[in-house]
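Data file: upload-v6.tsv. Format and content: TSV, C-alpha atoms and all ligand atoms.
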chain	number	residue	atom	x	y	z
A	1	MET	CA	143.49	53.16	113.83
A	2	SER	CA	142.39	54.87	117.01
A	3	SER	CA	138.81	54.29	118.08
A	4	SER	CA	136.42	57.14	117.57
A	5	PRO	CA	132.71	56.93	118.24
A	6	ILE	CA	132.06	60.01	116.12
A	7	ARG	CA	133.96	58.71	113.12
A	8	ASP	CA	132.12	55.41	113.50
A	9	ALA	CA	128.77	57.18	113.67
A	10	LEU	CA	129.49	59.05	110.45
A	11	ALA	CA	129.98	55.79	108.60
A	12	ASN	CA	126.26	55.13	109.16
A	13	SER	CA	124.84	58.63	109.38
A	14	ASP	CA	123.87	61.32	106.96
A	15	VAL	CA	122.64	63.70	109.66
A	16	LEU	CA	124.53	64.60	112.78
A	17	VAL	CA	123.12	67.05	115.30
A	18	THR	CA	125.13	68.77	118.00
A	19	VAL	CA	123.09	69.54	121.09
A	20	GLY	CA	123.88	71.05	124.46
A	21	SER	CA	123.40	74.23	126.41
A	22	GLY	CA	124.63	77.63	125.29
A	23	GLY	CA	128.33	78.37	124.96
A	24	VAL	CA	129.60	74.81	125.41
A	25	GLY	CA	131.02	74.55	121.90
A	26	LYS	CA	128.20	73.15	119.76
A	27	THR	CA	128.91	75.36	116.78
A	28	THR	CA	132.64	74.78	116.97
A	29	LEU	CA	132.32	71.02	117.17
A	30	ALA	CA	129.67	70.93	114.44
A	31	ALA	CA	132.04	72.77	112.11
A	32	ALA	CA	134.99	70.59	113.12
A	33	ILE	CA	133.02	67.41	112.40
A	34	ALA	CA	131.84	68.68	109.01
A	35	LEU	CA	135.38	69.69	108.12
A	36	ARG	CA	136.82	66.36	109.11
A	37	ALA	CA	134.14	64.48	107.19
A	38	ALA	CA	135.05	66.43	104.06
A	39	MET	CA	138.74	65.76	104.66
A	40	GLU	CA	137.99	62.05	104.73
A	41	GLY	CA	135.87	62.15	101.58
A	42	GLN	CA	132.34	62.56	102.94
A	43	GLY	CA	130.99	65.76	101.41
A	44	SER	CA	129.39	67.87	104.09
A	45	LEU	CA	127.26	70.84	104.91
A	46	VAL	CA	127.39	72.46	108.31
A	47	CYS	CA	124.33	74.47	109.19
A	48	THR	CA	125.40	76.86	111.92
A	49	ILE	CA	123.35	79.00	114.23
A	50	ASP	CA	124.89	82.12	115.73
A	51	PRO	CA	128.49	81.28	114.90
A	52	ALA	CA	131.16	83.46	116.48
A	53	ARG	CA	132.03	86.13	113.96
A	54	ARG	CA	135.59	85.04	113.36
A	55	LEU	CA	134.54	81.46	112.79
A	56	ALA	CA	131.83	82.60	110.38
A	57	ASN	CA	134.44	84.58	108.47
A	58	SER	CA	136.74	81.58	108.23
A	59	LEU	CA	133.88	79.57	106.81
A	60	GLY	CA	133.28	82.26	104.22
A	61	LEU	CA	130.00	83.29	105.83
A	62	GLU	CA	130.04	87.03	105.80
A	63	ALA	CA	126.49	87.99	105.14
A	64	LEU	CA	123.48	86.60	106.88
A	65	GLY	CA	121.24	84.46	104.78
A	66	ASN	CA	120.47	80.86	104.15
A	67	ALA	CA	123.02	80.52	101.36
A	68	GLU	CA	125.03	77.31	101.34
A	69	THR	CA	128.57	78.46	100.68
A	70	GLU	CA	131.30	76.15	99.46
A	71	ILE	CA	134.67	76.58	101.12
A	72	SER	CA	137.16	77.01	98.33
A	73	GLN	CA	140.19	74.82	97.73
A	74	GLN	CA	142.27	77.95	98.07
A	75	THR	CA	140.94	78.66	101.53
A	76	PHE	CA	141.70	75.09	102.50
A	77	ALA	CA	145.14	75.26	100.95
A	78	LYS	CA	145.95	78.35	102.99
A	79	ALA	CA	145.20	76.32	106.10
A	80	GLY	CA	147.40	73.53	104.78
A	81	LEU	CA	144.41	71.24	104.22
A	82	ALA	CA	143.43	69.20	101.17
A	83	PRO	CA	139.94	67.77	101.64
A	84	LYS	CA	138.88	64.77	99.57
A	85	ALA	CA	135.31	66.05	99.27
A	86	SER	CA	133.67	69.43	99.36
A	87	MET	CA	132.51	71.23	102.46
A	88	ARG	CA	129.77	73.80	102.56
A	89	ALA	CA	128.66	76.01	105.39
A	90	MET	CA	125.62	78.12	106.03
A	91	MET	CA	124.18	80.30	108.71
A	92	LEU	CA	120.60	79.69	109.52
A	93	ASP	CA	118.65	82.89	109.12
A	94	MET	CA	115.53	82.52	111.23
A	95	LYS	CA	113.51	85.27	109.68
A	96	ARG	CA	114.26	84.25	106.14
A	97	THR	CA	113.43	80.60	106.81
A	98	TRP	CA	110.08	81.59	108.27
A	99	ASP	CA	109.37	83.71	105.23
A	100	GLU	CA	110.30	80.88	102.91
A	101	LEU	CA	108.06	78.60	104.89
A	102	ILE	CA	105.08	80.90	104.49
A	103	GLU	CA	105.85	81.37	100.83
A	104	LYS	CA	105.83	77.63	100.31
A	105	ARG	CA	103.02	76.67	102.58
A	106	ALA	CA	100.45	79.43	102.67
A	107	PRO	CA	97.68	79.49	100.09
A	108	PRO	CA	98.80	81.81	97.27
A	109	ASP	CA	96.18	84.46	97.95
A	110	LYS	CA	97.23	84.76	101.58
A	111	ARG	CA	101.01	84.82	101.27
A	112	GLU	CA	101.51	88.51	100.90
A	113	LYS	CA	98.99	89.26	103.60
A	114	ILE	CA	100.83	87.09	106.07
A	115	LEU	CA	104.30	88.29	105.18
A	116	ASN	CA	103.29	91.92	105.46
A	117	ASN	CA	101.37	91.42	108.64
A	118	ARG	CA	103.01	93.25	111.51
A	119	PHE	CA	102.07	90.57	113.95
A	120	TYR	CA	103.66	87.93	111.78
A	121	GLN	CA	106.78	90.02	111.44
A	122	SER	CA	107.13	90.21	115.16
A	123	LEU	CA	106.04	86.64	115.76
A	124	SER	CA	108.50	85.14	113.35
A	125	SER	CA	111.39	86.58	115.31
A	126	ALA	CA	109.91	86.36	118.78
A	127	LEU	CA	107.81	83.24	118.98
A	128	ALA	CA	109.17	80.96	121.67
A	129	GLY	CA	110.55	77.87	120.04
A	130	SER	CA	110.61	79.44	116.62
A	131	GLN	CA	114.38	79.09	116.39
A	132	GLU	CA	114.18	75.43	117.15
A	133	TYR	CA	111.30	74.96	114.81
A	134	VAL	CA	113.08	76.73	112.01
A	135	ALA	CA	116.20	74.63	112.52
A	136	MET	CA	114.14	71.47	112.18
A	137	GLU	CA	112.30	72.83	109.19
A	138	LYS	CA	115.57	73.69	107.49
A	139	LEU	CA	117.01	70.31	108.26
A	140	TRP	CA	114.04	68.64	106.67
A	141	GLU	CA	114.37	70.78	103.58
A	142	LEU	CA	118.09	70.14	103.26
A	143	ARG	CA	117.69	66.43	103.78
A	144	THR	CA	114.93	66.01	101.26
A	145	GLN	CA	115.92	68.53	98.62
A	146	ARG	CA	119.68	68.36	98.59
A	147	ASP	CA	122.10	65.57	98.25
A	148	TYR	CA	124.70	66.02	100.95
A	149	PRO	CA	126.40	62.85	102.13
A	150	LEU	CA	126.48	64.52	105.55
A	151	ILE	CA	124.56	67.37	107.12
A	152	VAL	CA	125.83	68.59	110.46
A	153	LEU	CA	123.20	70.61	112.24
A	154	ASP	CA	124.07	72.99	115.01
A	155	THR	CA	121.19	73.79	117.40
A	156	PRO	CA	120.13	77.10	118.93
A	157	PRO	CA	121.69	78.36	122.12
A	158	THR	CA	118.77	77.79	124.42
A	159	ALA	CA	118.69	77.10	128.10
A	160	HIS	CA	116.84	73.92	127.25
A	161	ALA	CA	118.91	72.22	124.64
A	162	LEU	CA	116.19	69.83	123.66
A	163	ASP	CA	113.52	72.38	122.97
A	164	PHE	CA	113.90	71.55	119.33
A	165	LEU	CA	112.53	68.06	119.90
A	166	ASP	CA	109.39	69.66	120.96
A	167	ALA	CA	109.36	72.62	118.62
A	168	PRO	CA	107.04	71.28	115.94
A	169	ASN	CA	104.54	70.35	118.61
A	170	ARG	CA	104.73	73.74	120.19
A	171	ILE	CA	103.94	75.44	116.93
A	172	LEU	CA	100.94	73.15	116.63
A	173	ASP	CA	99.92	73.94	120.19
A	174	PHE	CA	100.14	77.59	119.46
A	175	MET	CA	97.85	77.21	116.52
A	176	ASP	CA	95.46	75.00	118.39
A	177	ASN	CA	95.44	76.66	121.74
A	178	ASP	CA	92.51	78.41	123.28
A	179	ALA	CA	94.11	81.80	123.37
A	180	SER	CA	94.65	81.74	119.63
A	181	LYS	CA	91.13	80.54	119.05
A	182	TRP	CA	89.73	83.07	121.40
A	183	LEU	CA	91.54	85.82	119.59
A	184	LEU	CA	89.63	84.87	116.52
A	185	THR	CA	86.25	85.15	118.13
A	186	PRO	CA	83.93	88.03	117.54
A	187	ALA	CA	84.59	89.19	121.08
A	188	LEU	CA	87.76	90.57	119.66
A	189	ALA	CA	85.99	92.80	117.26
A	190	ALA	CA	83.61	93.84	120.00
A	191	GLY	CA	86.56	95.12	121.96
A	192	LYS	CA	86.09	93.00	125.06
A	193	PHE	CA	89.62	91.78	125.03
A	194	GLY	CA	91.13	93.83	127.83
A	195	LEU	CA	90.57	91.44	130.68
A	196	LYS	CA	91.21	88.27	128.76
A	197	LEU	CA	94.43	89.58	127.40
A	198	PHE	CA	95.48	90.35	130.91
A	199	ASN	CA	94.74	86.76	131.85
A	200	LEU	CA	97.20	85.51	129.30
A	201	GLY	CA	99.77	86.77	131.77
A	202	GLY	CA	103.36	86.44	130.70
A	203	SER	CA	102.68	84.27	127.68
A	204	TYR	CA	104.55	85.09	124.52
A	205	VAL	CA	101.33	85.95	122.82
A	206	ALA	CA	100.63	88.62	125.38
A	207	LYS	CA	104.20	89.82	125.38
A	208	THR	CA	104.23	90.15	121.67
A	209	ILE	CA	100.95	91.94	121.63
A	210	ALA	CA	102.16	94.17	124.43
A	211	ARG	CA	104.67	95.63	122.06
A	212	PHE	CA	101.87	97.18	120.15
A	213	THR	CA	99.02	99.33	121.08
A	214	GLY	CA	95.64	99.96	119.62
A	215	THR	CA	93.04	97.96	117.86
A	216	GLU	CA	94.82	98.15	114.58
A	217	THR	CA	97.29	95.65	115.98
A	218	LEU	CA	94.63	93.33	117.22
A	219	GLN	CA	93.01	93.50	113.85
A	220	GLN	CA	96.35	92.51	112.39
A	221	LEU	CA	96.55	89.64	114.79
A	222	ALA	CA	93.07	88.47	113.97
A	223	ASP	CA	93.92	88.65	110.27
A	224	PHE	CA	97.06	86.70	110.86
A	225	MET	CA	95.28	83.96	112.74
A	226	LEU	CA	92.68	83.70	110.05
A	227	ASN	CA	95.27	83.53	107.34
A	228	ILE	CA	97.33	80.79	108.93
A	229	SER	CA	94.45	78.74	110.20
A	230	GLY	CA	94.35	76.75	106.98
A	231	MET	CA	97.99	75.75	107.36
A	232	ASN	CA	97.58	73.53	110.39
A	233	GLU	CA	97.52	70.28	108.49
A	234	GLY	CA	100.72	71.09	106.68
A	235	PHE	CA	102.48	71.88	109.93
A	236	LYS	CA	101.20	68.73	111.57
A	237	GLU	CA	102.41	66.55	108.78
A	238	ARG	CA	105.79	68.21	108.79
A	239	ALA	CA	106.05	67.83	112.55
A	240	HIS	CA	105.71	64.09	112.14
A	241	GLN	CA	108.20	63.98	109.31
A	242	THR	CA	110.91	65.92	111.16
A	243	ARG	CA	110.32	63.79	114.19
A	244	ALA	CA	110.84	60.66	112.10
A	245	LEU	CA	113.99	62.16	110.63
A	246	LEU	CA	115.41	62.76	114.11
A	247	GLU	CA	114.65	59.19	115.09
A	248	ALA	CA	116.06	57.70	111.90
A	249	GLU	CA	118.84	55.12	112.03
A	250	THR	CA	120.96	57.46	109.96
A	251	THR	CA	120.69	60.41	112.33
A	252	SER	CA	123.12	60.72	115.25
A	253	PHE	CA	123.51	63.21	118.04
A	254	VAL	CA	126.60	64.48	119.72
A	255	LEU	CA	125.83	65.84	123.15
A	256	VAL	CA	128.26	68.64	123.92
A	257	THR	CA	128.98	69.72	127.46
A	258	GLY	CA	131.61	71.32	129.62
A	259	PRO	CA	133.13	69.49	132.57
A	260	MET	CA	132.05	72.04	135.18
A	261	PRO	CA	129.68	70.79	137.88
A	262	GLU	CA	126.89	73.18	136.82
A	263	ARG	CA	126.88	71.71	133.32
A	264	LEU	CA	126.87	68.08	134.32
A	265	ASP	CA	123.38	67.67	135.67
A	266	GLU	CA	122.10	69.33	132.55
A	267	ALA	CA	124.11	66.98	130.35
A	268	VAL	CA	122.83	63.93	132.18
A	269	TYR	CA	119.31	65.22	131.85
A	270	PHE	CA	119.68	65.85	128.10
A	271	HIS	CA	121.20	62.44	127.68
A	272	THR	CA	118.23	60.80	129.40
A	273	LEU	CA	115.79	62.81	127.31
A	274	LEU	CA	117.52	61.95	124.05
A	275	GLN	CA	117.43	58.29	124.91
A	276	GLN	CA	113.82	58.42	126.00
A	277	ASN	CA	113.05	60.03	122.68
A	278	LYS	CA	114.77	57.21	120.82
A	279	MET	CA	117.51	59.44	119.50
A	280	ARG	CA	120.93	57.90	118.89
A	281	VAL	CA	123.64	59.57	120.93
A	282	ALA	CA	126.91	58.76	119.19
A	283	ALA	CA	129.01	60.39	121.87
A	284	ILE	CA	129.14	62.84	124.69
A	285	ALA	CA	131.78	65.42	123.86
A	286	VAL	CA	133.22	67.00	126.98
A	287	ASN	CA	134.73	70.22	125.74
A	288	ARG	CA	137.25	72.63	127.24
A	289	VAL	CA	138.73	70.21	129.74
A	290	HIS	CA	141.76	71.36	131.72
A	291	ALA	CA	144.74	69.14	131.13
A	292	PRO	CA	146.61	67.94	134.21
A	293	VAL	CA	149.91	69.63	134.86
A	294	PRO	CA	152.70	67.36	133.59
A	295	ASP	CA	155.33	66.33	136.14
A	296	ALA	CA	158.04	67.81	133.95
A	297	LEU	CA	156.48	71.24	134.33
A	298	TRP	CA	156.41	71.02	138.11
A	299	GLU	CA	160.07	70.05	138.00
A	300	GLU	CA	160.92	72.90	135.70
A	301	VAL	CA	159.22	75.41	137.96
A	302	ALA	CA	161.04	73.95	140.95
A	303	ARG	CA	164.28	74.88	139.23
A	304	LEU	CA	163.33	78.52	138.72
A	305	PRO	CA	164.87	81.27	140.84
A	306	SER	CA	162.84	81.49	144.01
A	307	SER	CA	161.62	84.99	143.15
A	308	LEU	CA	159.73	83.54	140.16
A	309	GLN	CA	158.92	80.18	141.62
A	310	LYS	CA	156.02	81.25	143.81
A	311	LYS	CA	154.14	82.93	141.01
A	312	PHE	CA	154.49	80.02	138.59
A	313	GLU	CA	153.68	77.51	141.26
A	314	ASP	CA	150.47	79.30	142.07
A	315	THR	CA	149.44	79.16	138.42
A	316	LEU	CA	150.24	75.47	138.21
A	317	LYS	CA	148.34	74.79	141.42
A	318	GLU	CA	145.30	76.60	140.13
A	319	ASN	CA	145.51	74.61	136.91
A	320	ASP	CA	145.96	71.39	138.78
A	321	HIS	CA	142.91	72.18	140.87
A	322	LEU	CA	140.79	72.81	137.77
A	323	ALA	CA	142.09	69.66	136.09
A	324	ARG	CA	141.14	67.57	139.10
A	325	GLN	CA	137.75	69.19	139.32
A	326	ASP	CA	137.17	68.44	135.62
A	327	ALA	CA	138.32	64.86	136.16
A	328	ARG	CA	135.76	64.42	138.93
A	329	GLY	CA	133.06	65.81	136.66
A	330	ILE	CA	134.04	63.48	133.85
A	331	ALA	CA	134.03	60.48	136.18
A	332	LYS	CA	130.53	61.38	137.35
A	333	LEU	CA	129.30	61.80	133.80
A	334	ARG	CA	130.82	58.49	132.76
A	335	GLU	CA	129.01	56.79	135.57
A	336	ALA	CA	125.66	58.42	134.83
A	337	CYS	CA	125.82	57.82	131.07
A	338	ALA	CA	127.76	54.58	131.05
A	339	ALA	CA	126.27	53.30	127.81
A	340	THR	CA	127.45	56.22	125.71
A	341	PRO	CA	131.07	56.72	124.61
A	342	MET	CA	132.76	59.92	125.64
A	343	VAL	CA	135.29	62.06	123.83
A	344	ILE	CA	137.31	64.68	125.59
A	345	ILE	CA	138.56	67.89	124.05
A	346	PRO	CA	140.97	70.09	125.97
A	347	ARG	CA	140.59	73.75	126.59
A	348	PHE	CA	142.77	75.36	123.95
A	349	GLU	CA	144.67	78.49	124.74
A	350	LEU	CA	142.92	80.36	121.96
A	351	ASP	CA	139.42	80.34	120.54
A	352	VAL	CA	138.82	77.97	117.67
A	353	HIS	CA	138.24	80.40	114.86
A	354	ASP	CA	139.81	79.09	111.67
A	355	LEU	CA	140.05	75.98	109.54
A	356	SER	CA	143.31	74.79	111.04
A	357	GLY	CA	141.86	75.22	114.53
A	358	LEU	CA	138.83	73.21	113.48
A	359	TYR	CA	141.02	70.48	112.05
A	360	GLU	CA	143.07	70.36	115.22
A	361	THR	CA	139.84	70.07	117.20
A	362	SER	CA	138.72	67.19	114.98
A	363	ARG	CA	141.87	65.27	115.86
A	364	TRP	CA	140.61	65.06	119.41
A	365	LEU	CA	137.13	64.14	118.26
A	366	TRP	CA	138.63	61.41	116.08
A	367	GLY	CA	140.67	60.02	118.97
A	368	GLU	CA	144.02	60.78	117.36
A	369	GLN	CA	144.85	63.00	120.26
A	370	ARG	CA	143.86	62.02	123.72
A	371	LEU	CA	143.86	63.94	126.92
A	372	GLU	CA	145.17	62.11	129.88
A	373	VAL	CA	142.54	63.12	132.41
A	374	ALA	CA	143.84	64.04	135.84
A	375	THR	CA	143.50	61.42	138.53
A	376	ALA	CA	140.26	62.54	140.00
A	377	GLY	CA	141.40	63.21	143.55
A	378	ARG	CA	138.93	64.28	146.15
B	1	LIG	N1	138.05	73.46	123.27
B	1	LIG	C1	138.00	74.78	123.19
B	1	LIG	N2	139.06	75.53	123.64
B	1	LIG	C2	139.01	76.87	123.59
B	1	LIG	N3	137.98	77.58	123.10
B	1	LIG	C3	136.91	76.91	122.64
B	1	LIG	C4	136.86	75.48	122.66
B	1	LIG	N4	135.67	75.09	122.14
B	1	LIG	C5	135.01	76.23	121.81
B	1	LIG	N5	135.75	77.32	122.11
B	1	LIG	C6	135.38	78.73	121.93
B	1	LIG	O1	134.28	78.99	122.78
B	1	LIG	C7	133.37	79.91	122.19
B	1	LIG	C8	131.95	79.34	122.19
B	1	LIG	O2	131.91	78.21	121.35
B	1	LIG	P1	130.64	77.92	120.42
B	1	LIG	O3	131.00	76.75	119.57
B	1	LIG	O4	130.21	79.14	119.73
B	1	LIG	O5	129.58	77.48	121.53
B	1	LIG	P2	128.01	77.21	121.33
B	1	LIG	O6	127.76	77.02	119.90
B	1	LIG	O7	127.73	75.96	122.14
B	1	LIG	O8	127.32	78.40	121.91
B	1	LIG	C9	133.92	80.20	120.81
B	1	LIG	O9	134.61	81.41	120.85
B	1	LIG	C10	134.87	79.04	120.54
B	1	LIG	O10	135.94	79.40	119.70
B	2	MG	MG	126.38	78.18	118.70

If you convert what's in this file into structure tokens, what do you get?
Amino acid sequence: MSSSPIRDALANSDVLVTVGSGGVGKTTLAAAIALRAAMEGQGSLVCTIDPARRLANSLGLEALGNAETEISQQTFAKAGLAPKASMRAMMLDMKRTWDELIEKRAPPDKREKILNNRFYQSLSSALAGSQEYVAMEKLWELRTQRDYPLIVLDTPPTAHALDFLDAPNRILDFMDNDASKWLLTPALAAGKFGLKLFNLGGSYVAKTIARFTGTETLQQLADFMLNISGMNEGFKERAHQTRALLEAETTSFVLVTGPMPERLDEAVYFHTLLQQNKMRVAAIAVNRVHAPVPDALWEEVARLPSSLQKKFEDTLKENDHLARQDARGIAKLREACAATPMVIIPRFELDVHDLSGLYETSRWLWGEQRLEVATAGR
């Protein structure tokens, strides 16, 4: 059997998290891994965030919502697949998860007040880090209240892929910070807030408030802060629990990146951070790598009528250039992250948007298909 660090990781993991910067293929690879796990008999749930529409449709996720939807045998059969275990998919709905959180956590007499509070309504969609926090919150809920042999968690498309590590703390900071406390002080009611608010500068608090005008809003804010102030302990405890879950022996990460130079430094940085945070990185998945141009293709083009030759040759040369550039990137990454296995997935001609595409992708993740990386060249 071919070696595959991701397959090996799944043998010992019940949570797998794909991380990386936006657009690199986190959602696609998360779905491919969950699909493959189900094919091999490990029932799975993939929790996606912002999936491309066509992929969402193929996973049976038409409406937004936190519903865990089972992919039917029929759907699999149409793709020529017969999984040994079931696969479910869901789309994480940020707003709804926040609401559920408040419903569960807030004291009963305050729930409605918080949910109907205009500041809360804006905060729950705008708060920096709320996406990451919600993803962690959902993961915790799924892990503790459901019985999936494998949960594959996709992470939000942020510039800083590891924001989620920090998300629970940031929520706590927000609740603890001086600005929040200050907003609760009587000065607020006395209307002396103008200058102080200005001093908050570009903070999200100020930005969110800036969307509103008038004291009614500030009253809403003050109400909101009062209502949630009793929830701190709950959040703190949960922050520790999610943290422990991420560090658990049975949780693995797949760091997804592209081979382009601008992605690499980021990937190395994320890799270092994950390791510093005691997270297990099962593999670095380098996605959308240009395959080197096979010799046979060069030869074929050489045999074309000269009128066509030039055009095709130019295309091949461009491809060859990109393949070599990718190979250099991969070599650099290998050197910088020597301890972590790497899997390479080629750039497919088409988007990966259906079950058969996901399965095909998994064959590369599972090491059944391997890209011969171009000789780096200088
Ligand atoms: N290896 C690949 N070859 C071609 N297209 C890909 C590949 N991997 C991902 N894609 C496409 O790239 C787009 C972005 O991928 P996605 O998984 O949504 O990225 P992310 O979740 O990191 O933002 C999608 O349209 C997806 O189908
Ligand atoms: Mg995504």

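Residue nearest ligand MG 2 (chain B), chosen from A:Gly258, A:Ser86, A:Ser4, A:Thr27 and counting all atoms listed in the file: A:Thr27.
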
Using only C-alpha atoms and all ligand atoms, which protein or nucleic acid residues are at most 6 Å from ligand MG 2 (chain B), as a list in words? Lys26, Thr27, Ile49, Asp50, Pro51 and Pro157 of chain A

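For ligand LIG 1 (chain B), the neighbouring protein, DNA and RNA residues, which are those within 7 Å when only C-alpha atoms and all ligand atoms are counted, are Gly20, Ser21, Gly22, Gly23, Val24, Gly25, Lys26, Thr27, Thr28, Leu29, Pro51, Ala52, Pro157, Asn287, Arg288, Ile345, Pro346, Arg347, Phe348, Glu349, Leu350, Asp351, Val352 and His353 of chain A.
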
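Residue nearest Gln241 of chain A within the list A:Glu137, A:Asp326, A:Asp109, A:Glu266: A:Glu137 [criterion: smallest interatomic distance, all atoms listed in the file].
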
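Take atom CA of Phe76 of chain A and atom CA of Glu62 of chain A: the distance between them is 17.0 Å.
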
Using only C-alpha atoms, can you tell me which of A:Asp14, A:Asp314, A:Asp93, A:Asp320 comes closest to Asp295 of chain A? A:Asp320

Atom CA of Val256 of chain A to atom CA of Tyr359 of chain A, straight-line distance in Å: 17.5 Å

Which polymer residues have any atom within 8 Å of an atom of segment 273-283 of chain A, counting only C-alpha atoms, with same-chain residues fewer than 5 positions away left out, as a count of residues only? 17
